[in-house]
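The structure appears below as structure tokens.
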Amino acid sequence: MLRNPTNRTRMRRLLGVAASATAAALLLAACSDAAGKEAGGSKDASVTIAAGAITTKNFNPFSTTALQPTLGVIYEPLYWYNFAKQSEPTPVLASGFSWNAAGTELTIKIRPGVKWNDGQPFTAKDVAFTFNLVSKTPALNPSGLAATAKAASDDTAVLTFKSKSLMQEPAVLANQAIVPEHIWKDIKDPTTNLNENPVGTGPFKLKSFTPQSFVLTKNDQYWDQGKPAIKEVRYIPIESADAASAALVAGKVDWASAYLPGIDNIIKSGKNLSYVNTPVMTTLIVTCSNPGLGCTGPQTDPAVRKAIYLAMNRAQLAKLAGGGVAGVGSPTLLLPDRDRDWIASPGSATLPQSADATEANKVLDAAGWTKGSDGVRTKGGKRLSLTIQTVTGWSDYISINDTLKQQLSAVGIELKPSQVSWNEWNAAQTNGKFQLSLDSVGLGASTNPYFVYNGKLATVNTVPVGKTATAGNFARFSNPTVDAALTAAAGTADKAAQKAQFAKIQAVIENQLPYIPIYVNSMLTEFNTSRATGWPTKDNLYVLPAAWKAWDAGIVLKTITPAG
């Protein structure tokens with residue numbers, strides 16, 4: 001499977017750290033006193049980052065389970081997008097690009113003077129090799145990149161597509177790690193190779209590795225002269241949200257991304273502590289919605305999905321599960337603040353915050369669901385009983401399910417929460433063996449809504465139940481109006497024309513609700529400034545600052561400087 005930041009399986013695994021206190025507990029392992037002492041406070045500043053569980057020495061940039069700094073810190077893309085705001089792509093390994101008039105040929109100019117960290121020169125041949133490798137290896141290409149690449153010269157790569165492909169631009173430019181041809185041409189299976197000694201162009205390179213921690217050291221040949229200013233970066237596993245909090249307060253960790261209840265009190269306990277909240281992911285219920293592709297259960301009835309949408313008291317859910325730091329979402333699945341210009345109808349900008357049980361009951365009555373003596377509705381002899389899955393330990397999502405159970409019972413819907421391992425949750429969702437599932441959506445190849453809508457809604461990105469929907473449409477949703485609008489939006493660079501197509505999509509999904517949005521989840525990131533300064537702040541979000549965020553982590557680590 002192609003390892004990139006838009007890959008839902010990888011992102012949800014990582015976003016669990018920000019999404020829930022216990023997700024952090026699942027994804028982070030123990031922080032020892034020894035590791036904290038080694039983090040120390042020398043003038044040439046080595047910083048310590050709370051990392052995911054260090055189980056395998058995997059630095060394969062195509063892998064869905066590569067270690068945290070693989071993308072952005074060791075390997076780099078051609079360009080980079082700042083998801084903290086609507087932004088244009090920033091050059092990294094490229095210096096410019098252009099399309100031909102037909103939108104079928106993308107010419108990329110390569111940044112001069114770049115070297116791989118083994119001293120070999122970086123050229124357009126590496127770019128062409130990377131995209132040809134992806135194109136010819138289906139397991140690396142769930143996004144369906146249909147292009148051939150060539151190096152027209154040492155500083156120019158040309159990608160040729162089979163048809164007009166302007167919407168491939170962000171995925172090509174800013175969501176693919178470029179790998180060295182002189183290394184990867186000899187790798188027999190790029191899907192399984194662990195790449196234990198990574199050769200990248202990024203600001204840091206691997207120095208040492210153990211299952212207890214690993215260390216990256218400054219790449220002295222890095223192309224961005226004078227950067228990084230930090231000498232070393234240590235990644236250590238942290239066991240839980242409590243451990244992350246203790247490590248921050250004790251000065252053992254400089255950068256962490258974890259949902260920490262009572263974050264303001266934690267920050268007040270240390271003079272060098274700060275945090276930012278950058279919510280960009282909408283928490284939602286994924287429904288297996290399409291009986292034509294094998295989905296079974298009451299959730300295949302749009303009326304049931306609408307009733308769930310109406311019966312939610314989102315203010316209560318945000319308070320009980322969101323910890324007071326969740327934001328208000330939109331029925332369009334976009335962000336009301338950042339993406340407001342893309343939302344066609346002002347009335348669709350934000351989700352209702354209180355429950356409308358009266359309207360929910362009307363919808364179910366009209367659809368033929370009648371209440372039984374036990375208060376649960378039935379239709380055709382079948383109870384309106386639904387199982388909703390989440391991952392064991394994702395405490396905020398468990399709280400959502402428990403609270404929803406009570407909210408939905410008021411309109412005759414029986415909700416049965418289920419907790420399963422991450423692997424079970426992921427397999428059920430991708431294979432369609434579920435009724436309802438809690439997940440999140442928001443990070444695409446760029447902030448253009450196309451990348452949310454195409455991945456989650458396009459017929460081409462789903463498969464029948466029993467097959468794996470790696471491209472992201474886990475709801476098995478299929479609608480000709482949506483498909484036509486996506487095709488039209490993909491064929492133009494005119495934002496007004498795109499918005500007109502997105503309006504059609506928004507109207508359909510607000511009516512059909514294959515994904516039922518709840519709120520915009522928090523994304524808390526914490527810093528200790530005693531050893532390094534220049535971390536992102538609320539007033540200077542030069543990146544989306546989560547420590548796990550692909551690409552952005554490299555920008556942060558080459559921006560910060562030693563304190564004092």
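Numbering starts fresh at 1 for the residues of each chain in the structure tokens, the chains themselves are lettered A, B, ... in the order given, and ligands are numbered from 1 as they appear.
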**Request:** Name all residues at most 12 Å from Thr55 in chain A (count only C-alpha atoms; drop same-chain ones fewer than 4 positions away) and give them as a PyMOL selection string.
**Result:** chain A and resi 27-29+51+59+65-68+209-214+236-237
**Message:** Neighbouring residues of Gln168 in chain A were defined as those with any atom within 12 Å, considering only C-alpha atoms; residues of the same chain fewer than 5 positions away were excluded. Please report them as an NGL selection string.
**Reply:** :A and (99 or 103-106 or 143-147 or 159-163 or 173-176 or 444-446 or 448 or 450-451 or 454 or 489-493)
**Prompt:** Which neighbours of range 532-535 of chain A fall inside 12 Å, counting only C-alpha atoms, when residues of the same chain fewer than 5 positions from it are skipped, and could you give them as an NGL selection string?
**Reply:** :A and (39-48 or 228-233 or 251 or 253-256 or 272-276 or 525-527 or 540-547 or 552-553 or 555-564)
Using only N, CA and C atoms, please write the residues we just selected to a file, as a tab-separated table (two decimals), in the first residue's frame.
```tsv
chain	number	residue	atom	x	y	z
A	39	ALA	N	18.33	12.87	27.06
A	39	ALA	CA	17.79	13.97	26.28
A	39	ALA	C	18.52	15.26	26.62
A	40	GLY	N	18.96	15.34	27.91
A	40	GLY	CA	19.76	16.44	28.45
A	40	GLY	C	19.63	17.80	27.83
A	41	GLY	N	20.33	18.79	28.26
A	41	GLY	CA	20.17	20.15	27.80
A	41	GLY	C	21.45	20.80	27.34
A	42	SER	N	22.17	20.22	26.41
A	42	SER	CA	23.40	20.82	25.91
A	42	SER	C	23.09	21.97	24.98
A	43	LYS	N	24.08	22.87	24.79
A	43	LYS	CA	23.88	24.06	23.96
A	43	LYS	C	23.62	23.71	22.50
A	44	ASP	N	24.20	22.58	22.05
A	44	ASP	CA	23.94	22.23	20.66
A	44	ASP	C	22.68	21.39	20.52
A	45	ALA	N	21.91	21.36	21.58
A	45	ALA	CA	20.51	20.94	21.61
A	45	ALA	C	20.18	19.70	20.84
A	46	SER	N	20.15	18.59	21.53
A	46	SER	CA	19.44	17.45	21.00
A	46	SER	C	18.04	17.53	21.61
A	47	VAL	N	17.02	17.34	20.79
A	47	VAL	CA	15.66	17.39	21.29
A	47	VAL	C	15.08	15.99	21.29
A	48	THR	N	14.09	15.79	22.16
A	48	THR	CA	13.49	14.48	22.33
A	48	THR	C	12.00	14.55	21.99
A	228	PRO	N	19.65	21.96	9.47
A	228	PRO	CA	19.03	22.36	10.73
A	228	PRO	C	20.07	22.90	11.73
A	229	ALA	N	19.56	23.64	12.71
A	229	ALA	CA	20.44	24.15	13.77
A	229	ALA	C	20.55	23.15	14.92
A	230	ILE	N	19.58	22.24	15.01
A	230	ILE	CA	19.60	21.20	16.04
A	230	ILE	C	20.53	20.08	15.61
A	231	LYS	N	21.32	19.57	16.55
A	231	LYS	CA	22.33	18.55	16.20
A	231	LYS	C	21.72	17.16	16.12
A	232	GLU	N	20.91	16.79	17.10
A	232	GLU	CA	20.36	15.43	17.15
A	232	GLU	C	18.90	15.45	17.57
A	233	VAL	N	18.19	14.42	17.15
A	233	VAL	CA	16.80	14.24	17.52
A	233	VAL	C	16.63	12.81	18.02
A	251	GLY	N	10.56	17.72	31.85
A	251	GLY	CA	11.55	18.16	30.88
A	251	GLY	C	12.24	17.03	30.15
A	253	VAL	N	10.80	15.35	27.62
A	253	VAL	CA	10.31	15.36	26.24
A	253	VAL	C	10.13	16.80	25.80
A	254	ASP	N	10.56	17.11	24.58
A	254	ASP	CA	10.45	18.45	24.05
A	254	ASP	C	9.26	18.65	23.12
A	255	TRP	N	8.77	17.56	22.56
A	255	TRP	CA	7.69	17.67	21.56
A	255	TRP	C	6.84	16.42	21.66
A	256	ALA	N	5.54	16.62	21.89
A	256	ALA	CA	4.62	15.49	21.98
A	256	ALA	C	3.29	15.89	21.35
A	272	ASN	N	8.37	26.39	31.01
A	272	ASN	CA	8.86	26.23	29.64
A	272	ASN	C	7.88	25.47	28.75
A	273	LEU	N	6.66	25.24	29.23
A	273	LEU	CA	5.71	24.43	28.48
A	273	LEU	C	4.72	25.30	27.72
A	274	SER	N	4.35	24.83	26.54
A	274	SER	CA	3.32	25.49	25.75
A	274	SER	C	2.60	24.44	24.91
A	275	TYR	N	1.47	24.83	24.31
A	275	TYR	CA	0.77	23.90	23.43
A	275	TYR	C	-0.03	24.68	22.41
A	276	VAL	N	-0.40	23.98	21.34
A	276	VAL	CA	-1.32	24.53	20.35
A	276	VAL	C	-2.36	23.47	20.03
A	525	THR	N	-0.87	19.59	20.51
A	525	THR	CA	0.57	19.37	20.40
A	525	THR	C	1.26	20.19	21.48
A	526	GLU	N	2.17	19.53	22.20
A	526	GLU	CA	2.81	20.15	23.36
A	526	GLU	C	4.31	20.32	23.13
A	527	PHE	N	4.87	21.40	23.69
A	527	PHE	CA	6.29	21.70	23.53
A	527	PHE	C	6.94	22.05	24.86
A	540	ASN	N	1.62	31.70	14.93
A	540	ASN	CA	2.56	31.39	13.85
A	540	ASN	C	2.51	29.90	13.53
A	541	LEU	N	1.43	29.49	12.91
A	541	LEU	CA	1.26	28.08	12.54
A	541	LEU	C	1.90	27.87	11.17
A	542	TYR	N	3.22	27.86	11.17
A	542	TYR	CA	3.93	27.68	9.90
A	542	TYR	C	3.87	26.24	9.41
A	543	VAL	N	3.33	25.34	10.24
A	543	VAL	CA	3.07	23.95	9.87
A	543	VAL	C	1.84	23.49	10.63
A	544	LEU	N	1.32	22.33	10.28
A	544	LEU	CA	0.41	21.61	11.15
A	544	LEU	C	1.31	20.87	12.13
A	545	PRO	N	1.35	21.25	13.41
A	545	PRO	CA	2.51	20.94	14.24
A	545	PRO	C	2.56	19.57	14.92
A	546	ALA	N	1.61	18.70	14.66
A	546	ALA	CA	1.66	17.39	15.31
A	546	ALA	C	2.98	16.68	15.03
A	547	ALA	N	3.56	16.09	16.06
A	547	ALA	CA	4.89	15.48	15.93
A	547	ALA	C	4.88	14.32	14.94
A	552	ASP	N	5.50	17.83	7.67
A	552	ASP	CA	5.58	18.97	8.58
A	552	ASP	C	6.66	18.81	9.65
A	553	ALA	N	6.85	17.57	10.11
A	553	ALA	CA	7.84	17.34	11.16
A	553	ALA	C	9.23	17.76	10.69
A	555	ILE	N	9.87	20.14	8.54
A	555	ILE	CA	9.89	21.61	8.52
A	555	ILE	C	10.17	22.15	9.92
A	556	VAL	N	9.50	21.58	10.92
A	556	VAL	CA	9.70	22.03	12.30
A	556	VAL	C	11.15	21.80	12.74
A	557	LEU	N	11.67	20.60	12.50
A	557	LEU	CA	12.99	20.26	13.02
A	557	LEU	C	14.12	21.03	12.33
A	558	LYS	N	13.87	21.56	11.15
A	558	LYS	CA	14.90	22.39	10.54
A	558	LYS	C	14.67	23.88	10.81
A	559	THR	N	13.57	24.20	11.51
A	559	THR	CA	13.26	25.59	11.86
A	559	THR	C	13.66	25.94	13.28
A	560	ILE	N	13.47	25.01	14.21
A	560	ILE	CA	13.78	25.30	15.61
A	560	ILE	C	15.29	25.51	15.79
A	561	THR	N	15.63	26.25	16.83
A	561	THR	CA	17.04	26.56	17.12
A	561	THR	C	17.33	26.29	18.59
A	562	PRO	N	18.58	26.05	18.96
A	562	PRO	CA	18.91	25.82	20.37
A	562	PRO	C	18.52	27.01	21.23
A	563	ALA	N	17.98	26.73	22.40
A	563	ALA	CA	17.61	27.79	23.33
A	563	ALA	C	18.86	28.35	24.01
A	564	GLY	N	18.80	29.60	24.33
A	564	GLY	CA	19.90	30.24	25.08
A	564	GLY	C	21.15	30.43	24.28
```
**Item:** For Thr462 in chain A, the nearest of the candidates A:Gly432, A:Pro517, A:Gly202, A:Gly72, counting only C-alpha atoms
**Value:**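 Checking each candidate against Thr462 in chain A, we get A:Gly432 as the closest.
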**Request:** Can you work out which one of A:Met281, A:Ile400, A:Ala307, A:Val482 has the shortest atom-to-atom distance to Gly412 in chain A, counting only C-alpha atoms?
**Result:**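 Checking each candidate against Gly412 in chain A, we get A:Ala307 as the closest.
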Excluding Glu510 in chain A and residues on its chain fewer than 3 positions from it, collect all residues at most 7 Å away from it, counting only C-alpha atoms, and give them as a short mmCIF file (atom, residue, chain, number, x, y, z; two decimals) with N, CA and C atoms, in the first residue's frame.
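Ended up saving to result27.cif:
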```
data_model
loop_
_atom_site.label_atom_id
_atom_site.label_comp_id
_atom_site.auth_asym_id
_atom_site.auth_seq_id
_atom_site.Cartn_x
_atom_site.Cartn_y
_atom_site.Cartn_z
N PRO A 331 -21.84 19.56 8.00
CA PRO A 331 -22.40 18.38 7.31
C PRO A 331 -21.73 18.11 5.97
N THR A 332 -20.97 19.08 5.47
CA THR A 332 -20.25 18.90 4.20
C THR A 332 -18.96 18.10 4.38
N GLN A 506 -22.19 18.12 -2.04
CA GLN A 506 -22.65 18.44 -0.69
C GLN A 506 -24.14 18.21 -0.53
N ALA A 507 -24.90 18.53 -1.55
CA ALA A 507 -26.35 18.30 -1.48
C ALA A 507 -26.68 16.82 -1.35
N LEU A 513 -26.07 10.90 3.71
CA LEU A 513 -25.31 10.70 4.95
C LEU A 513 -24.62 9.34 5.05
#
```
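Take CA of Thr107 in chain A and CA of Thr148 in chain A: the distance between them is 11.9 Å.
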**Asked** If you run DSSP on this backbone, which residues of range 107-226 of chain A come out as strand (DSSP E or B), and could you give them as a PyMOL selection string?
**Response** chain A and resi 107-110+115+121+147-153+156-161+204-210+213-218
**Request:** Enter the distance from CA of Leu384 in chain A to CA of Tyr515 in chain A, in Å, rounded to one decimal.
**Result:**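 Result for CA of Leu384 in chain A versus CA of Tyr515 in chain A: 18.4 Å, one decimal.
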**Prompt:** Separation of CA of Lys125 in chain A and CA of Ser95 in chain A, in Å?
**Reply:**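 Distance between the two atoms: 15.5 Å.
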**Message:** Measuring between only C-alpha atoms, which one of A:Leu333, A:Val92, A:Leu438, A:Ala149 shows the shortest distance to Phe502 in chain A?
**Reply:** A:Leu333
**Prompt:** So which residues touch range 420-425 of chain A within 7 Å, counting only C-alpha atoms, skipping near sequence neighbours fewer than 3 positions away, as a count of residues only?
**Reply:** 6
